[in-house]
file input14.cif (mmCIF, N, CA and C atoms)
data_data
#
loop_
_atom_site.label_atom_id
_atom_site.label_comp_id
_atom_site.auth_asym_id
_atom_site.auth_seq_id
_atom_site.Cartn_x
_atom_site.Cartn_y
_atom_site.Cartn_z
N MET A 1 0.85 -1.16 0.00
CA MET A 1 0.00 0.00 0.00
C MET A 1 0.90 1.23 0.00
N ALA A 2 0.75 2.06 -1.02
CA ALA A 2 1.55 3.28 -1.12
C ALA A 2 0.63 4.46 -1.33
N ASN A 3 1.01 5.60 -0.79
CA ASN A 3 0.26 6.84 -0.97
C ASN A 3 -1.21 6.73 -0.58
N GLY A 4 -1.52 5.93 0.42
CA GLY A 4 -2.90 5.84 0.88
C GLY A 4 -3.81 5.05 -0.03
N VAL A 5 -3.27 4.34 -0.99
CA VAL A 5 -4.07 3.54 -1.91
C VAL A 5 -4.22 2.14 -1.34
N ILE A 6 -5.45 1.64 -1.33
CA ILE A 6 -5.73 0.26 -0.95
C ILE A 6 -6.15 -0.44 -2.22
N SER A 7 -5.53 -1.57 -2.53
CA SER A 7 -5.91 -2.22 -3.79
C SER A 7 -5.67 -3.72 -3.76
N GLY A 8 -6.42 -4.36 -4.61
CA GLY A 8 -6.27 -5.77 -4.90
C GLY A 8 -6.34 -5.90 -6.41
N ASN A 9 -6.52 -7.12 -6.90
CA ASN A 9 -6.62 -7.31 -8.34
C ASN A 9 -7.90 -6.72 -8.92
N ASN A 10 -8.99 -6.78 -8.14
CA ASN A 10 -10.31 -6.38 -8.65
C ASN A 10 -10.96 -5.25 -7.88
N TYR A 11 -10.23 -4.58 -7.01
CA TYR A 11 -10.79 -3.47 -6.25
C TYR A 11 -9.68 -2.49 -5.88
N SER A 12 -10.11 -1.25 -5.61
CA SER A 12 -9.16 -0.26 -5.11
C SER A 12 -9.93 0.86 -4.42
N LEU A 13 -9.21 1.55 -3.57
CA LEU A 13 -9.70 2.75 -2.94
C LEU A 13 -8.57 3.76 -2.99
N GLU A 14 -8.82 4.87 -3.66
CA GLU A 14 -7.84 5.95 -3.74
C GLU A 14 -8.56 7.24 -3.41
N GLY A 15 -8.20 7.82 -2.28
CA GLY A 15 -8.92 9.01 -1.82
C GLY A 15 -10.35 8.64 -1.49
N ASN A 16 -11.29 9.30 -2.10
CA ASN A 16 -12.72 9.02 -1.89
C ASN A 16 -13.32 8.20 -3.01
N THR A 17 -12.49 7.64 -3.88
CA THR A 17 -12.98 6.89 -5.03
C THR A 17 -12.73 5.40 -4.85
N VAL A 18 -13.81 4.65 -4.91
CA VAL A 18 -13.73 3.20 -4.79
C VAL A 18 -13.97 2.58 -6.17
N ASN A 19 -13.37 1.43 -6.40
CA ASN A 19 -13.50 0.72 -7.67
C ASN A 19 -13.66 -0.76 -7.36
N PHE A 20 -14.78 -1.35 -7.78
CA PHE A 20 -15.00 -2.79 -7.68
C PHE A 20 -15.23 -3.31 -9.09
N PHE A 21 -14.32 -4.11 -9.61
CA PHE A 21 -14.46 -4.69 -10.95
C PHE A 21 -14.78 -3.63 -12.00
N GLY A 22 -14.20 -2.45 -11.89
CA GLY A 22 -14.40 -1.39 -12.88
C GLY A 22 -15.58 -0.46 -12.60
N ALA A 23 -16.44 -0.82 -11.66
CA ALA A 23 -17.53 0.08 -11.27
C ALA A 23 -16.96 1.03 -10.23
N LYS A 24 -17.06 2.33 -10.49
CA LYS A 24 -16.42 3.32 -9.63
C LYS A 24 -17.46 4.27 -9.04
N GLY A 25 -17.14 4.76 -7.86
CA GLY A 25 -17.96 5.77 -7.23
C GLY A 25 -17.08 6.64 -6.36
N THR A 26 -17.47 7.89 -6.20
CA THR A 26 -16.71 8.81 -5.37
C THR A 26 -17.66 9.69 -4.59
N ARG A 27 -17.19 10.11 -3.42
CA ARG A 27 -17.94 11.05 -2.58
C ARG A 27 -17.23 12.39 -2.61
N PHE A 28 -18.01 13.44 -2.73
CA PHE A 28 -17.46 14.77 -2.55
C PHE A 28 -18.52 15.59 -1.84
N GLY A 29 -18.21 15.91 -0.59
CA GLY A 29 -19.21 16.55 0.25
C GLY A 29 -20.36 15.60 0.48
N ASP A 30 -21.57 16.08 0.28
CA ASP A 30 -22.74 15.24 0.46
C ASP A 30 -23.26 14.71 -0.87
N ARG A 31 -22.42 14.78 -1.91
CA ARG A 31 -22.82 14.31 -3.24
C ARG A 31 -22.00 13.11 -3.65
N TRP A 32 -22.56 12.35 -4.59
CA TRP A 32 -21.89 11.17 -5.12
C TRP A 32 -21.76 11.29 -6.62
N ALA A 33 -20.76 10.61 -7.16
CA ALA A 33 -20.64 10.45 -8.61
C ALA A 33 -20.29 8.99 -8.87
N ILE A 34 -20.92 8.43 -9.89
CA ILE A 34 -20.73 7.01 -10.24
C ILE A 34 -20.51 6.92 -11.74
N ASN A 35 -19.68 5.96 -12.17
CA ASN A 35 -19.44 5.76 -13.60
C ASN A 35 -20.46 4.75 -14.16
N PHE A 36 -21.68 5.15 -14.25
CA PHE A 36 -22.75 4.27 -14.72
C PHE A 36 -22.50 3.70 -16.10
N PHE A 37 -21.76 4.42 -16.93
CA PHE A 37 -21.58 4.00 -18.31
C PHE A 37 -20.23 3.33 -18.53
N GLY A 38 -19.52 3.00 -17.46
CA GLY A 38 -18.22 2.37 -17.57
C GLY A 38 -17.14 3.41 -17.82
N GLY A 39 -15.90 2.98 -17.75
CA GLY A 39 -14.79 3.90 -17.99
C GLY A 39 -14.64 4.93 -16.89
N ASP A 40 -14.04 6.06 -17.23
CA ASP A 40 -13.76 7.07 -16.22
C ASP A 40 -14.81 8.16 -16.05
N PRO A 41 -15.62 8.48 -17.06
CA PRO A 41 -16.59 9.56 -16.83
C PRO A 41 -17.54 9.24 -15.68
N MET A 42 -17.63 10.15 -14.74
CA MET A 42 -18.50 9.98 -13.59
C MET A 42 -19.70 10.90 -13.74
N VAL A 43 -20.86 10.39 -13.32
CA VAL A 43 -22.10 11.14 -13.38
C VAL A 43 -22.55 11.42 -11.95
N VAL A 44 -22.84 12.67 -11.64
CA VAL A 44 -23.34 13.01 -10.32
C VAL A 44 -24.73 12.41 -10.18
N VAL A 45 -24.96 11.74 -9.06
CA VAL A 45 -26.23 11.04 -8.86
C VAL A 45 -26.87 11.47 -7.54
N VAL A 46 -28.17 11.28 -7.50
CA VAL A 46 -28.93 11.45 -6.28
C VAL A 46 -29.24 10.05 -5.78
N LYS A 47 -29.09 9.83 -4.51
CA LYS A 47 -29.36 8.51 -3.93
C LYS A 47 -30.82 8.13 -4.22
N THR A 48 -30.99 7.02 -4.95
CA THR A 48 -32.33 6.62 -5.34
C THR A 48 -32.69 5.22 -4.85
N HIS A 49 -31.71 4.43 -4.47
CA HIS A 49 -31.98 3.07 -4.04
C HIS A 49 -31.34 2.85 -2.69
N ASP A 50 -32.10 2.39 -1.75
CA ASP A 50 -31.57 2.18 -0.41
C ASP A 50 -31.14 0.72 -0.26
N ILE A 51 -29.91 0.44 -0.64
CA ILE A 51 -29.39 -0.93 -0.59
C ILE A 51 -29.36 -1.44 0.85
N LEU A 52 -29.08 -0.55 1.80
CA LEU A 52 -29.06 -0.97 3.20
C LEU A 52 -30.44 -1.48 3.64
N GLN A 53 -31.48 -0.80 3.22
CA GLN A 53 -32.84 -1.23 3.57
C GLN A 53 -33.13 -2.62 2.99
N THR A 54 -32.67 -2.88 1.79
CA THR A 54 -32.86 -4.19 1.17
C THR A 54 -32.11 -5.27 1.95
N ILE A 55 -30.89 -4.97 2.35
CA ILE A 55 -30.10 -5.92 3.15
C ILE A 55 -30.79 -6.20 4.48
N MET A 56 -31.25 -5.14 5.14
CA MET A 56 -31.91 -5.32 6.43
C MET A 56 -33.19 -6.15 6.29
N ARG A 57 -33.90 -5.99 5.18
CA ARG A 57 -35.09 -6.79 4.94
C ARG A 57 -34.73 -8.28 4.77
N CYS A 58 -33.64 -8.56 4.08
CA CYS A 58 -33.17 -9.95 3.95
C CYS A 58 -32.82 -10.55 5.31
N ILE A 59 -32.10 -9.79 6.12
CA ILE A 59 -31.72 -10.27 7.44
C ILE A 59 -32.96 -10.49 8.31
N LYS A 60 -33.93 -9.59 8.23
CA LYS A 60 -35.17 -9.75 8.99
C LYS A 60 -35.92 -11.00 8.54
N ASN A 61 -35.99 -11.23 7.24
CA ASN A 61 -36.67 -12.43 6.74
C ASN A 61 -35.99 -13.69 7.25
N ASP A 62 -34.66 -13.71 7.25
CA ASP A 62 -33.93 -14.86 7.77
C ASP A 62 -34.14 -15.02 9.27
N THR A 63 -34.15 -13.90 9.99
CA THR A 63 -34.39 -13.93 11.43
C THR A 63 -35.78 -14.46 11.72
N ASP A 64 -36.78 -13.98 11.00
CA ASP A 64 -38.16 -14.44 11.19
C ASP A 64 -38.30 -15.93 10.88
N ALA A 65 -37.45 -16.43 9.97
CA ALA A 65 -37.48 -17.85 9.62
C ALA A 65 -36.61 -18.70 10.54
N GLY A 66 -36.03 -18.09 11.59
CA GLY A 66 -35.21 -18.83 12.53
C GLY A 66 -33.81 -19.14 12.02
N LYS A 67 -33.33 -18.38 11.04
CA LYS A 67 -32.02 -18.68 10.43
C LYS A 67 -30.97 -17.60 10.68
N ARG A 68 -31.23 -16.70 11.60
CA ARG A 68 -30.29 -15.60 11.86
C ARG A 68 -28.89 -16.12 12.19
N ASP A 69 -28.80 -17.20 12.96
CA ASP A 69 -27.50 -17.74 13.36
C ASP A 69 -26.73 -18.35 12.19
N LYS A 70 -27.37 -18.56 11.06
CA LYS A 70 -26.70 -19.13 9.89
C LYS A 70 -26.10 -18.06 8.98
N ILE A 71 -26.50 -16.80 9.14
CA ILE A 71 -26.05 -15.74 8.24
C ILE A 71 -24.56 -15.45 8.47
N ALA A 72 -23.77 -15.57 7.42
CA ALA A 72 -22.35 -15.24 7.48
C ALA A 72 -21.94 -14.25 6.39
N TYR A 73 -22.70 -14.22 5.30
CA TYR A 73 -22.40 -13.37 4.16
C TYR A 73 -23.62 -12.55 3.75
N VAL A 74 -23.35 -11.39 3.21
CA VAL A 74 -24.33 -10.64 2.42
C VAL A 74 -23.72 -10.58 1.03
N ILE A 75 -24.44 -11.08 0.05
CA ILE A 75 -23.95 -11.09 -1.33
C ILE A 75 -24.62 -9.94 -2.09
N VAL A 76 -23.81 -9.12 -2.74
CA VAL A 76 -24.33 -7.99 -3.50
C VAL A 76 -23.64 -7.93 -4.85
N GLY A 77 -24.26 -7.21 -5.77
CA GLY A 77 -23.65 -6.93 -7.07
C GLY A 77 -22.60 -5.85 -6.95
N VAL A 78 -21.87 -5.66 -8.02
CA VAL A 78 -20.75 -4.72 -8.05
C VAL A 78 -21.22 -3.29 -7.78
N ARG A 79 -22.26 -2.84 -8.45
CA ARG A 79 -22.73 -1.46 -8.25
C ARG A 79 -23.32 -1.27 -6.86
N ALA A 80 -23.96 -2.30 -6.32
CA ALA A 80 -24.48 -2.21 -4.95
C ALA A 80 -23.32 -2.05 -3.97
N ALA A 81 -22.21 -2.71 -4.21
CA ALA A 81 -21.04 -2.56 -3.34
C ALA A 81 -20.51 -1.12 -3.38
N VAL A 82 -20.52 -0.52 -4.57
CA VAL A 82 -20.11 0.89 -4.68
C VAL A 82 -21.01 1.76 -3.81
N VAL A 83 -22.32 1.52 -3.88
CA VAL A 83 -23.26 2.30 -3.08
C VAL A 83 -23.01 2.08 -1.58
N LEU A 84 -22.72 0.83 -1.18
CA LEU A 84 -22.43 0.57 0.24
C LEU A 84 -21.21 1.37 0.70
N PHE A 85 -20.22 1.52 -0.16
CA PHE A 85 -19.08 2.36 0.18
C PHE A 85 -19.51 3.82 0.28
N LEU A 86 -20.24 4.30 -0.70
CA LEU A 86 -20.65 5.70 -0.71
C LEU A 86 -21.52 6.03 0.49
N GLU A 87 -22.31 5.07 0.95
CA GLU A 87 -23.16 5.27 2.13
C GLU A 87 -22.36 5.20 3.43
N GLY A 88 -21.10 4.76 3.36
CA GLY A 88 -20.27 4.67 4.56
C GLY A 88 -20.40 3.35 5.29
N ILE A 89 -21.06 2.38 4.69
CA ILE A 89 -21.22 1.07 5.33
C ILE A 89 -19.94 0.24 5.17
N ILE A 90 -19.36 0.28 3.98
CA ILE A 90 -18.04 -0.30 3.73
C ILE A 90 -17.06 0.86 3.84
N ALA A 91 -16.00 0.66 4.63
CA ALA A 91 -15.00 1.70 4.86
C ALA A 91 -13.61 1.20 4.49
N ALA A 92 -12.66 2.10 4.52
CA ALA A 92 -11.27 1.76 4.18
C ALA A 92 -10.76 0.61 5.03
N GLU A 93 -11.08 0.61 6.34
CA GLU A 93 -10.58 -0.48 7.20
C GLU A 93 -11.12 -1.84 6.77
N HIS A 94 -12.30 -1.88 6.20
CA HIS A 94 -12.84 -3.14 5.68
C HIS A 94 -12.05 -3.58 4.45
N LEU A 95 -11.77 -2.63 3.57
CA LEU A 95 -11.07 -2.97 2.33
C LEU A 95 -9.64 -3.42 2.58
N ARG A 96 -9.03 -2.93 3.65
CA ARG A 96 -7.66 -3.38 3.98
C ARG A 96 -7.61 -4.87 4.28
N LYS A 97 -8.73 -5.44 4.71
CA LYS A 97 -8.78 -6.86 5.09
C LYS A 97 -9.48 -7.71 4.03
N ALA A 98 -9.82 -7.13 2.89
CA ALA A 98 -10.55 -7.86 1.85
C ALA A 98 -9.67 -8.94 1.23
N THR A 99 -10.35 -10.00 0.82
CA THR A 99 -9.71 -11.08 0.06
C THR A 99 -10.52 -11.23 -1.23
N GLU A 100 -9.93 -11.89 -2.20
CA GLU A 100 -10.65 -11.98 -3.47
C GLU A 100 -10.30 -13.24 -4.23
N GLY A 101 -11.22 -13.56 -5.12
CA GLY A 101 -11.03 -14.61 -6.12
C GLY A 101 -11.24 -13.96 -7.47
N GLU A 102 -11.24 -14.76 -8.50
CA GLU A 102 -11.39 -14.21 -9.84
C GLU A 102 -12.72 -13.49 -10.04
N GLU A 103 -13.79 -13.99 -9.44
CA GLU A 103 -15.13 -13.45 -9.67
C GLU A 103 -15.79 -12.87 -8.43
N TYR A 104 -15.03 -12.68 -7.36
CA TYR A 104 -15.62 -12.13 -6.14
C TYR A 104 -14.57 -11.39 -5.31
N ILE A 105 -15.09 -10.52 -4.44
CA ILE A 105 -14.29 -9.86 -3.42
C ILE A 105 -15.03 -10.09 -2.11
N ASP A 106 -14.35 -10.58 -1.09
CA ASP A 106 -14.94 -10.75 0.23
C ASP A 106 -14.42 -9.66 1.17
N ILE A 107 -15.36 -8.89 1.71
CA ILE A 107 -15.03 -7.78 2.59
C ILE A 107 -15.55 -8.13 3.98
N PRO A 108 -14.65 -8.46 4.92
CA PRO A 108 -15.09 -8.96 6.23
C PRO A 108 -15.46 -7.87 7.22
N ASN A 109 -16.18 -8.32 8.26
CA ASN A 109 -16.47 -7.52 9.45
C ASN A 109 -17.31 -6.27 9.20
N VAL A 110 -18.24 -6.37 8.26
CA VAL A 110 -19.16 -5.27 8.01
C VAL A 110 -20.39 -5.52 8.90
N ILE A 111 -20.80 -4.50 9.63
CA ILE A 111 -21.87 -4.66 10.62
C ILE A 111 -23.23 -4.33 10.01
N PHE A 112 -24.16 -5.27 10.16
CA PHE A 112 -25.55 -5.10 9.77
C PHE A 112 -26.40 -5.65 10.90
N ASP A 113 -27.26 -4.84 11.46
CA ASP A 113 -28.19 -5.27 12.50
C ASP A 113 -27.49 -6.03 13.63
N GLY A 114 -26.33 -5.55 14.03
CA GLY A 114 -25.59 -6.17 15.12
C GLY A 114 -24.80 -7.41 14.73
N LEU A 115 -24.85 -7.80 13.47
CA LEU A 115 -24.11 -8.97 12.99
C LEU A 115 -22.86 -8.51 12.24
N SER A 116 -21.72 -9.13 12.52
CA SER A 116 -20.50 -8.87 11.77
C SER A 116 -20.46 -9.87 10.62
N LEU A 117 -20.68 -9.38 9.40
CA LEU A 117 -20.81 -10.26 8.24
C LEU A 117 -19.75 -9.93 7.19
N THR A 118 -19.54 -10.87 6.30
CA THR A 118 -18.67 -10.64 5.15
C THR A 118 -19.55 -10.24 3.98
N VAL A 119 -19.21 -9.12 3.35
CA VAL A 119 -19.90 -8.72 2.13
C VAL A 119 -19.16 -9.36 0.97
N ARG A 120 -19.87 -10.18 0.20
CA ARG A 120 -19.29 -10.76 -1.01
C ARG A 120 -19.77 -9.94 -2.19
N VAL A 121 -18.83 -9.34 -2.90
CA VAL A 121 -19.12 -8.59 -4.11
C VAL A 121 -19.02 -9.58 -5.26
N ASP A 122 -20.14 -9.87 -5.90
CA ASP A 122 -20.24 -10.90 -6.92
C ASP A 122 -20.13 -10.27 -8.31
N ALA A 123 -19.03 -10.55 -9.00
CA ALA A 123 -18.78 -9.95 -10.32
C ALA A 123 -19.83 -10.35 -11.34
N SER A 124 -20.48 -11.48 -11.16
CA SER A 124 -21.51 -11.90 -12.12
C SER A 124 -22.75 -11.02 -12.02
N ARG A 125 -22.85 -10.26 -10.94
CA ARG A 125 -23.97 -9.33 -10.72
C ARG A 125 -23.49 -7.90 -10.96
N ARG A 126 -22.72 -7.72 -11.99
CA ARG A 126 -22.04 -6.45 -12.27
C ARG A 126 -22.98 -5.24 -12.24
N ASP A 127 -24.09 -5.30 -12.92
CA ASP A 127 -24.96 -4.12 -13.03
C ASP A 127 -26.27 -4.27 -12.28
N ASP A 128 -26.40 -5.30 -11.47
CA ASP A 128 -27.66 -5.57 -10.78
C ASP A 128 -27.66 -4.89 -9.42
N LEU A 129 -28.12 -3.65 -9.37
CA LEU A 129 -28.13 -2.89 -8.13
C LEU A 129 -29.09 -3.49 -7.11
N ALA A 130 -30.15 -4.11 -7.57
CA ALA A 130 -31.19 -4.60 -6.66
C ALA A 130 -30.88 -5.97 -6.05
N PHE A 131 -29.89 -6.70 -6.58
CA PHE A 131 -29.62 -8.05 -6.07
C PHE A 131 -28.96 -7.99 -4.70
N VAL A 132 -29.58 -8.67 -3.75
CA VAL A 132 -29.03 -8.85 -2.41
C VAL A 132 -29.45 -10.23 -1.95
N ALA A 133 -28.53 -10.96 -1.33
CA ALA A 133 -28.86 -12.25 -0.74
C ALA A 133 -28.03 -12.43 0.52
N THR A 134 -28.55 -13.21 1.44
CA THR A 134 -27.74 -13.62 2.59
C THR A 134 -27.31 -15.06 2.33
N ALA A 135 -26.19 -15.44 2.95
CA ALA A 135 -25.65 -16.77 2.73
C ALA A 135 -25.02 -17.29 4.02
N ASP A 136 -24.85 -18.61 4.07
CA ASP A 136 -24.24 -19.24 5.23
C ASP A 136 -22.73 -19.22 5.13
N LYS A 137 -22.04 -19.90 6.04
CA LYS A 137 -20.57 -19.88 6.10
C LYS A 137 -19.91 -20.46 4.87
N ASP A 138 -20.65 -21.29 4.09
CA ASP A 138 -20.14 -21.87 2.86
C ASP A 138 -20.51 -21.01 1.65
N CYS A 139 -21.11 -19.86 1.91
CA CYS A 139 -21.57 -18.91 0.90
C CYS A 139 -22.71 -19.51 0.05
N THR A 140 -23.50 -20.36 0.68
CA THR A 140 -24.70 -20.90 0.06
C THR A 140 -25.86 -20.00 0.46
N ILE A 141 -26.59 -19.50 -0.53
CA ILE A 141 -27.68 -18.58 -0.27
C ILE A 141 -28.73 -19.22 0.64
N ILE A 142 -29.13 -18.46 1.65
CA ILE A 142 -30.11 -18.95 2.63
C ILE A 142 -31.50 -18.80 2.05
#
call {"tool": "encode", "arguments": {"input": "input14.cif", "output": "structure tokens"}}
result
Amino acid sequence: MANGVISGNNYSLEGNTVNFFGAKGTRFGDRWAINFFGGDPMVVVVKTHDILQTIMRCIKNDTDAGKRDKIAYVIVGVRAAVVLFLEGIIAAEHLRKATEGEEYIDIPNVIFDGLSLTVRVDASRRDDLAFVATADKDCTII
């Protein structure tokens, strides 16, 4: 890690700009910019999708079904992971401990509803902002 840059093969954080599999987002003040069209051009956006609310709904459904103790992962798409960073849910300290495979990034110790979970960024869900799933310790969807 040099000059405050955190990076792996498929992710990076430089300043306020995060990159997961080429999907980028940055914070400046209370505004966000995301590269919705790929590449480097960033478009200023207004928060329109509450990914955290979707995650909390998944956790509640699992809790109501008696499966809260099985939850180990939250699986999200690439753009949803960018939003989680922009919302401040994923932070630099999480990215410092991330591990990755060819098609995923695992970001440990992210807190949701009192649970310390690993966020799996699934490259196959590159543009699916709405996809969220919970999974067990083997990363099998609950």
call {"tool": "residues_around", "arguments": {"input": "input14.cif", "residues": "Val132 of chain A", "least_positions_apart": "4", "cutoff": "8 Å", "atoms": "only C-alpha atoms", "output": "list in words"}}
result
Thr54, Ile55, Cys58, Val74, Ile75, Val76 and Gly77 of chain A
call {"tool": "resolve_selection", "arguments": {"input": "input14.cif", "expression": "the PyMOL selection byres (((chain A and resi 89 and name CA) around 9) and name CA)", "output": "number ranges by chain"}}
result
A: 52, 83-88, 90-91, 110-112
call {"tool": "write_last_selection", "arguments": {"input": "input14.cif", "atoms": "N, CA and C atoms", "output": "mmCIF file, in the coordinates of the input"}}
result
data_model
loop_
_atom_site.group_PDB
_atom_site.id
_atom_site.type_symbol
_atom_site.label_atom_id
_atom_site.label_comp_id
_atom_site.auth_asym_id
_atom_site.auth_seq_id
_atom_site.Cartn_x
_atom_site.Cartn_y
_atom_site.Cartn_z
ATOM 1 N N LEU A 52 -29.080 -0.550 1.800
ATOM 2 C CA LEU A 52 -29.060 -0.970 3.200
ATOM 3 C C LEU A 52 -30.440 -1.480 3.640
ATOM 4 N N VAL A 83 -22.320 1.520 -3.880
ATOM 5 C CA VAL A 83 -23.260 2.300 -3.080
ATOM 6 C C VAL A 83 -23.010 2.080 -1.580
ATOM 7 N N LEU A 84 -22.720 0.830 -1.180
ATOM 8 C CA LEU A 84 -22.430 0.570 0.240
ATOM 9 C C LEU A 84 -21.210 1.370 0.700
ATOM 10 N N PHE A 85 -20.220 1.520 -0.160
ATOM 11 C CA PHE A 85 -19.080 2.360 0.180
ATOM 12 C C PHE A 85 -19.510 3.820 0.280
ATOM 13 N N LEU A 86 -20.240 4.300 -0.700
ATOM 14 C CA LEU A 86 -20.650 5.700 -0.710
ATOM 15 C C LEU A 86 -21.520 6.030 0.490
ATOM 16 N N GLU A 87 -22.310 5.070 0.950
ATOM 17 C CA GLU A 87 -23.160 5.270 2.130
ATOM 18 C C GLU A 87 -22.360 5.200 3.430
ATOM 19 N N GLY A 88 -21.100 4.760 3.360
ATOM 20 C CA GLY A 88 -20.270 4.670 4.560
ATOM 21 C C GLY A 88 -20.400 3.350 5.290
ATOM 22 N N ILE A 90 -19.360 0.280 3.980
ATOM 23 C CA ILE A 90 -18.040 -0.300 3.730
ATOM 24 C C ILE A 90 -17.060 0.860 3.840
ATOM 25 N N ALA A 91 -16.000 0.660 4.630
ATOM 26 C CA ALA A 91 -15.000 1.700 4.860
ATOM 27 C C ALA A 91 -13.610 1.200 4.490
ATOM 28 N N VAL A 110 -18.240 -6.370 8.260
ATOM 29 C CA VAL A 110 -19.160 -5.270 8.010
ATOM 30 C C VAL A 110 -20.390 -5.520 8.900
ATOM 31 N N ILE A 111 -20.800 -4.500 9.630
ATOM 32 C CA ILE A 111 -21.870 -4.660 10.620
ATOM 33 C C ILE A 111 -23.230 -4.330 10.010
ATOM 34 N N PHE A 112 -24.160 -5.270 10.160
ATOM 35 C CA PHE A 112 -25.550 -5.100 9.770
ATOM 36 C C PHE A 112 -26.400 -5.650 10.900
#
call {"tool": "select_by_dssp", "arguments": {"input": "input14.cif", "residues": "chain A", "states": "strand (DSSP E or B)", "output": "ChimeraX atom specification"}}
result
/A:6-7,11-14,17-20,23-28,31-34,43-45,73-77,99-100,104-112,115-122,132-135,141
call {"tool": "residues_around", "arguments": {"input": "input14.cif", "residues": "segment 24-28 of chain A", "least_positions_apart": "4", "cutoff": "8 Å", "atoms": "all atoms listed in the file", "output": "number ranges by chain"}}
result
A: 15-20, 32-36, 38-39, 42, 78-79, 82-83, 85-86
call {"tool": "atom_distance", "arguments": {"input": "input14.cif", "atom1": "atom N of Ala92 of chain A", "atom2": "atom C of Val5 of chain A"}}
result
10.3 Å
call {"tool": "closest_residue", "arguments": {"input": "input14.cif", "among": "A:Leu117, A:Gly22, A:Glu102, A:Leu13", "to": "Ala72 of chain A", "atoms": "all atoms listed in the file"}}
result
A:Leu117
call {"tool": "residues_around", "arguments": {"input": "input14.cif", "residues": "Glu100 of chain A", "least_positions_apart": "4", "cutoff": "8 Å", "atoms": "only N, CA and C atoms", "output": "list in words"}}
result
Gly8, Asn9, Asn10, Tyr104, Ile105, Asp106 and Ile107 of chain A
call {"tool": "write_last_selection", "arguments": {"input": "input14.cif", "atoms": "N, CA and C atoms", "output": "PDB file, keeping the file's coordinate frame"}}
result
ATOM      1  N   GLY A   8      -6.420  -4.360  -4.610  1.00  0.00           N
ATOM      2  CA  GLY A   8      -6.270  -5.770  -4.900  1.00  0.00           C
ATOM      3  C   GLY A   8      -6.340  -5.900  -6.410  1.00  0.00           C
ATOM      4  N   ASN A   9      -6.520  -7.120  -6.900  1.00  0.00           N
ATOM      5  CA  ASN A   9      -6.620  -7.310  -8.340  1.00  0.00           C
ATOM      6  C   ASN A   9      -7.900  -6.720  -8.920  1.00  0.00           C
ATOM      7  N   ASN A  10      -8.990  -6.780  -8.140  1.00  0.00           N
ATOM      8  CA  ASN A  10     -10.310  -6.380  -8.650  1.00  0.00           C
ATOM      9  C   ASN A  10     -10.960  -5.250  -7.880  1.00  0.00           C
ATOM     10  N   TYR A 104     -15.030 -12.680  -7.360  1.00  0.00           N
ATOM     11  CA  TYR A 104     -15.620 -12.130  -6.140  1.00  0.00           C
ATOM     12  C   TYR A 104     -14.570 -11.390  -5.310  1.00  0.00           C
ATOM     13  N   ILE A 105     -15.090 -10.520  -4.440  1.00  0.00           N
ATOM     14  CA  ILE A 105     -14.290  -9.860  -3.420  1.00  0.00           C
ATOM     15  C   ILE A 105     -15.030 -10.090  -2.110  1.00  0.00           C
ATOM     16  N   ASP A 106     -14.350 -10.580  -1.090  1.00  0.00           N
ATOM     17  CA  ASP A 106     -14.940 -10.750   0.230  1.00  0.00           C
ATOM     18  C   ASP A 106     -14.420  -9.660   1.170  1.00  0.00           C
ATOM     19  N   ILE A 107     -15.360  -8.890   1.710  1.00  0.00           N
ATOM     20  CA  ILE A 107     -15.030  -7.780   2.590  1.00  0.00           C
ATOM     21  C   ILE A 107     -15.550  -8.130   3.980  1.00  0.00           C
TER      22      ILE A 107
END
call {"tool": "closest_residue", "arguments": {"input": "input14.cif", "among": "A:Lys137, A:Ala81, A:Glu103, A:Arg68", "to": "Ala123 of chain A", "atoms": "only N, CA and C atoms"}}
result
A:Glu103
